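Worksheet: the structure to be examined is printed underneath.
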Amino acid sequence: MKLSLGHSNQLSTIELSAFLSAWLTGVLNLMPFSAILFIIFLSIFDISLCGDRDKPALITYPDVALNYVSCFQGLLFCPEAASLMLRNFCIYHIDAPGHELGADVISSDEPLLCVDDLADQVAEVLDFFGLREVMCMGVTAGAYILTLFAMKYKERVLGLILVSPICKGPSWTEWIYNKVLMNLLYFYGMCGLLKECLLQRYFSKELRCSIEGSESEVILTCRRLLDERQSLNVMRFLQAVNARRDLSEGLKNLQCKTLIFAGESSPFHAESIHMSTKMDSKICALVEVEACGSLVTEEHPNSMIVPIECFLMGFGFHRQPHFASSSSNGSSPASPSNHSIMSPELLSQESLGIKLKPIRTRVHVET
């Protein structure tokens with residue numbers, strides 16, 4: 001179903017059903033609950049809902065030039081992740097303004113939004129749906145927005161799951177580089193060079209430069225989805241991110257438990273590590289993923305499932321038993337239920353619950 005609230009958009013219910021019908025059919029046939037997927041239009045940004053609204057809320061926010069489909073489908077299409085997330089949460093996917101499926105170009109009359117405006121919009125979403133407290137998951141720029149939201153609205157955030165997050169103001173190198181990208185977006189749109197720059201932001205060199213000579217399905221899909229973005233809308237979001245301020249000093253005041261994933265090949269790897277050191281050591285855990293860029297949700301989503309499951313156990317959330325048993329039979333060498341892929345320290349009692357331990361865990365990805 002689709003509900004419009006003061007915003008025109010061409011995305012139909014049929015188009016929405018097309019891209020997720022196979023996934024929902026497969027997942028719902030195996031799960032003892034129903035899921036509802038629909039889109040709400042608020043002001044100039046969209047919220048896509050998936051799950052039972054009576055359950056606790058999970059908010060997602062993607063990186064620059066991505067929406068929830070291109071940023072989170074790799075993770076949520078994993079049956080283990082689907083059973084864990086949809087069993088426990090109603091997922092509210094928030095896209096940056098103008099990044100939703102079928103978006104029109106935002107009018108030049110619309111004021112440019114800063115990162116504080118974007119964080120305040122998240123609060124507006126919570127107010128609209130009557131949500132008091134939420135779990136948050138964000139990737140890079142989206143992780144910054146949700147971290148800022150958590151700092152401004154401490155009482156409304158239950159926990160943070162941050163993927164290759166940034167927390168500092170842009171360095172001179174990044175600032176100039178983003179200015180070049182904004183000029184490319186303005187004058188040439190979503191051109192080949194710009195897409196290459198964004199792919200370097202998202203993915204590791206190992207994935208981008210396949211020894212077979214042909215691009216992986218993940219890269220090809222991302223290229224196709226980037227073609228659907230409105231370049232001027234992407235430019236507006238990038239402008240906001242490029243004008244961000246340093247949040248480092250305020251991180252120690254965050255009260256919510258936090259799980260950070262840092263792709264070792266991400267251009268923001270050092271900043272993600274820096275962020276973990278600035279947070280209260282009692283509530284922050286760090287997982288580094290080998291041979292992976294910023295977009296861990298798409299490049300190595302299986303490496304996220306066990307850490308997320310352990311993190312959510314501290315809140316009393318558990319995976320659907322059917323999936324847990326079926327994935328532990330050892331049939332897949334990359335099975336996320338195989339605890340040998342990561343340090344047992346993350347699974348200890350100390351690392352769960354209120355006294356979540358600051359752990360620098362390294363996930364080995366089997367290829």
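Identifiers in this document derive from the order of the structure tokens: chains are assigned A, B, ..., residues are numbered from 1 separately in each chain, and ligands are numbered from 1 in order of occurrence.
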Subject >> Expected answer as a ChimeraX atom specification: strand (DSSP E or B) residues in stretch 28-246 of chain A >> reply: /A:37-42,45-50,57-61,90-94,134-139,157-163
Generate a file of the selected residues that holds C-alpha atoms, formatted as a PDB file, in the first residue's frame.
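Dumped to out-v2.pdb:
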ATOM      1  CA  LEU A  37       5.794  -3.205   3.152  1.00  0.00           C
ATOM      2  CA  PHE A  38       4.649   0.239   2.096  1.00  0.00           C
ATOM      3  CA  ILE A  39       5.904   3.735   1.470  1.00  0.00           C
ATOM      4  CA  ILE A  40       5.095   6.951   3.290  1.00  0.00           C
ATOM      5  CA  PHE A  41       5.891  10.310   1.720  1.00  0.00           C
ATOM      6  CA  LEU A  42       6.783  13.047   4.219  1.00  0.00           C
ATOM      7  CA  PHE A  45      11.810  12.448   1.633  1.00  0.00           C
ATOM      8  CA  ASP A  46      10.384   8.932   1.770  1.00  0.00           C
ATOM      9  CA  ILE A  47      10.097   6.276   4.420  1.00  0.00           C
ATOM     10  CA  SER A  48       9.669   2.635   3.441  1.00  0.00           C
ATOM     11  CA  LEU A  49       8.298   0.292   6.088  1.00  0.00           C
ATOM     12  CA  CYS A  50       8.838  -3.440   6.302  1.00  0.00           C
ATOM     13  CA  ALA A  57      11.464   0.066  15.377  1.00  0.00           C
ATOM     14  CA  LEU A  58      14.726  -0.145  13.455  1.00  0.00           C
ATOM     15  CA  ILE A  59      15.699   2.978  11.478  1.00  0.00           C
ATOM     16  CA  THR A  60      18.105   2.713   8.530  1.00  0.00           C
ATOM     17  CA  TYR A  61      19.919   5.520   6.687  1.00  0.00           C
ATOM     18  CA  CYS A  90       9.571  -3.169  12.036  1.00  0.00           C
ATOM     19  CA  ILE A  91      12.163  -1.599   9.729  1.00  0.00           C
ATOM     20  CA  TYR A  92      11.751   2.064   8.786  1.00  0.00           C
ATOM     21  CA  HIS A  93      14.024   2.793   5.824  1.00  0.00           C
ATOM     22  CA  ILE A  94      14.750   6.526   5.551  1.00  0.00           C
ATOM     23  CA  VAL A 134      14.418   3.169  18.109  1.00  0.00           C
ATOM     24  CA  MET A 135      17.390   1.079  17.054  1.00  0.00           C
ATOM     25  CA  CYS A 136      19.444   2.743  14.308  1.00  0.00           C
ATOM     26  CA  MET A 137      21.573   1.379  11.453  1.00  0.00           C
ATOM     27  CA  GLY A 138      23.500   3.685   9.117  1.00  0.00           C
ATOM     28  CA  VAL A 139      26.278   3.493   6.539  1.00  0.00           C
ATOM     29  CA  VAL A 157      17.935   5.935  20.617  1.00  0.00           C
ATOM     30  CA  LEU A 158      18.102   2.413  21.990  1.00  0.00           C
ATOM     31  CA  GLY A 159      21.292   1.443  20.133  1.00  0.00           C
ATOM     32  CA  LEU A 160      23.454   2.224  17.095  1.00  0.00           C
ATOM     33  CA  ILE A 161      24.745  -0.154  14.418  1.00  0.00           C
ATOM     34  CA  LEU A 162      27.198   1.880  12.345  1.00  0.00           C
ATOM     35  CA  VAL A 163      28.881   0.670   9.157  1.00  0.00           C
TER      36      VAL A 163
END
Which residues of stretch 176-270 of chain A have any atom within 10 Å of an atom in stretch 301-319 of chain A when counting only C-alpha atoms, and what is the closest pair of atoms for each, with the distance in Å to one decimal? Order the rows by chain and rising number and write it as a Markdown table.
| residue | atom | partner | partner_atom | distance |
| --- | --- | --- | --- | --- |
| A:Lys257 | CA | A:Phe311 | CA | 8.7 |
| A:Thr258 | CA | A:Phe311 | CA | 8.5 |
| A:Leu259 | CA | A:Phe311 | CA | 7.1 |
| A:Ile260 | CA | A:Pro307 | CA | 9.7 |
| A:Phe261 | CA | A:Met304 | CA | 7.9 |
Could the residues in this selection be saved with all heavy atoms as a PDB file, in the first residue's frame?
ATOM      1  N   LYS A 257      24.231   1.820  23.514  1.00  0.00           N
ATOM      2  CA  LYS A 257      25.202   0.813  23.110  1.00  0.00           C
ATOM      3  C   LYS A 257      25.401   0.897  21.594  1.00  0.00           C
ATOM      4  O   LYS A 257      24.456   1.147  20.845  1.00  0.00           O
ATOM      5  CB  LYS A 257      24.721  -0.569  23.530  1.00  0.00           C
ATOM      6  CG  LYS A 257      24.739  -0.783  25.033  1.00  0.00           C
ATOM      7  CD  LYS A 257      24.244  -2.156  25.412  1.00  0.00           C
ATOM      8  CE  LYS A 257      22.732  -2.248  25.306  1.00  0.00           C
ATOM      9  NZ  LYS A 257      22.227  -3.547  25.808  1.00  0.00           N
ATOM     10  N   THR A 258      26.635   0.676  21.161  1.00  0.00           N
ATOM     11  CA  THR A 258      26.993   0.906  19.758  1.00  0.00           C
ATOM     12  C   THR A 258      27.854  -0.239  19.236  1.00  0.00           C
ATOM     13  O   THR A 258      28.785  -0.686  19.907  1.00  0.00           O
ATOM     14  CB  THR A 258      27.756   2.239  19.610  1.00  0.00           C
ATOM     15  OG1 THR A 258      26.954   3.297  20.127  1.00  0.00           O
ATOM     16  CG2 THR A 258      28.066   2.515  18.146  1.00  0.00           C
ATOM     17  N   LEU A 259      27.528  -0.684  18.025  1.00  0.00           N
ATOM     18  CA  LEU A 259      28.316  -1.688  17.319  1.00  0.00           C
ATOM     19  C   LEU A 259      28.825  -1.056  16.034  1.00  0.00           C
ATOM     20  O   LEU A 259      28.028  -0.571  15.219  1.00  0.00           O
ATOM     21  CB  LEU A 259      27.461  -2.919  17.011  1.00  0.00           C
ATOM     22  CG  LEU A 259      28.104  -4.030  16.177  1.00  0.00           C
ATOM     23  CD1 LEU A 259      29.309  -4.633  16.916  1.00  0.00           C
ATOM     24  CD2 LEU A 259      27.070  -5.116  15.866  1.00  0.00           C
ATOM     25  N   ILE A 260      30.145  -1.034  15.845  1.00  0.00           N
ATOM     26  CA  ILE A 260      30.757  -0.405  14.674  1.00  0.00           C
ATOM     27  C   ILE A 260      31.414  -1.466  13.801  1.00  0.00           C
ATOM     28  O   ILE A 260      32.201  -2.282  14.280  1.00  0.00           O
ATOM     29  CB  ILE A 260      31.808   0.640  15.097  1.00  0.00           C
ATOM     30  CG1 ILE A 260      31.136   1.799  15.843  1.00  0.00           C
ATOM     31  CG2 ILE A 260      32.575   1.169  13.886  1.00  0.00           C
ATOM     32  CD1 ILE A 260      32.117   2.850  16.363  1.00  0.00           C
ATOM     33  N   PHE A 261      31.068  -1.457  12.511  1.00  0.00           N
ATOM     34  CA  PHE A 261      31.743  -2.281  11.520  1.00  0.00           C
ATOM     35  C   PHE A 261      32.670  -1.373  10.709  1.00  0.00           C
ATOM     36  O   PHE A 261      32.243  -0.317  10.226  1.00  0.00           O
ATOM     37  CB  PHE A 261      30.740  -2.945  10.573  1.00  0.00           C
ATOM     38  CG  PHE A 261      29.907  -4.009  11.215  1.00  0.00           C
ATOM     39  CD1 PHE A 261      28.676  -3.705  11.773  1.00  0.00           C
ATOM     40  CD2 PHE A 261      30.353  -5.322  11.274  1.00  0.00           C
ATOM     41  CE1 PHE A 261      27.893  -4.683  12.372  1.00  0.00           C
ATOM     42  CE2 PHE A 261      29.582  -6.310  11.871  1.00  0.00           C
ATOM     43  CZ  PHE A 261      28.356  -5.990  12.425  1.00  0.00           C
TER      44      PHE A 261
END
**OP:** Take atom CA of A:Glu298 and atom CA of A:Leu199 and report the distance between them in Å, one decimal.
**Re:** 11.9 Å
Original post:
Out of A:Cys222, A:Leu131, A:Cys71, A:Ala123, which residue has the shortest atom-to-atom distance to A:Lys55 when counting only C-alpha atoms?
Top reply: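 The answer is A:Leu131, which sits nearest to A:Lys55.
Atom CA of A:Ile106 is positioned 22.9 Å from atom CA of A:Thr140.
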Subject >> Between atom CA of A:Glu100 and atom CA of A:Asn67, distance in Å (one decimal) >> reply: 6.0 Å
**OP:** Using DSSP on the backbone coordinates, identify the residues of stretch 97-126 of chain A assigned to alpha helix (DSSP H); present them as a list in words.
**Re:**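 Taking stretch 97-126 of chain A and keeping alpha helix (DSSP H) only, one gets Val115, Asp116, Asp117, Leu118, Ala119, Asp120, Gln121, Val122, Ala123, Glu124, Val125 and Leu126 of chain A.
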Original post:
Looking at A:Leu225, A:Leu194, A:Val234, A:Val296, which one is nearest to A:Val180, with distances taken over only C-alpha atoms?
Top reply: A:Leu194
Original post:
Out of A:Gln255, A:Thr297, A:Ser216, A:Ser265, which residue has the shortest atom-to-atom distance to A:Arg156 when counting only C-alpha atoms?
Top reply: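 Counting only C-alpha atoms, the residue closest to A:Arg156 is A:Gln255.
Residues in contact with A:Gly263 at up to 6 Å, not including ones fewer than 6 positions away on its chain and judged by only C-alpha atoms, are A:Glu288, A:Val289, A:Cys292, A:Gly293, A:Ser294.
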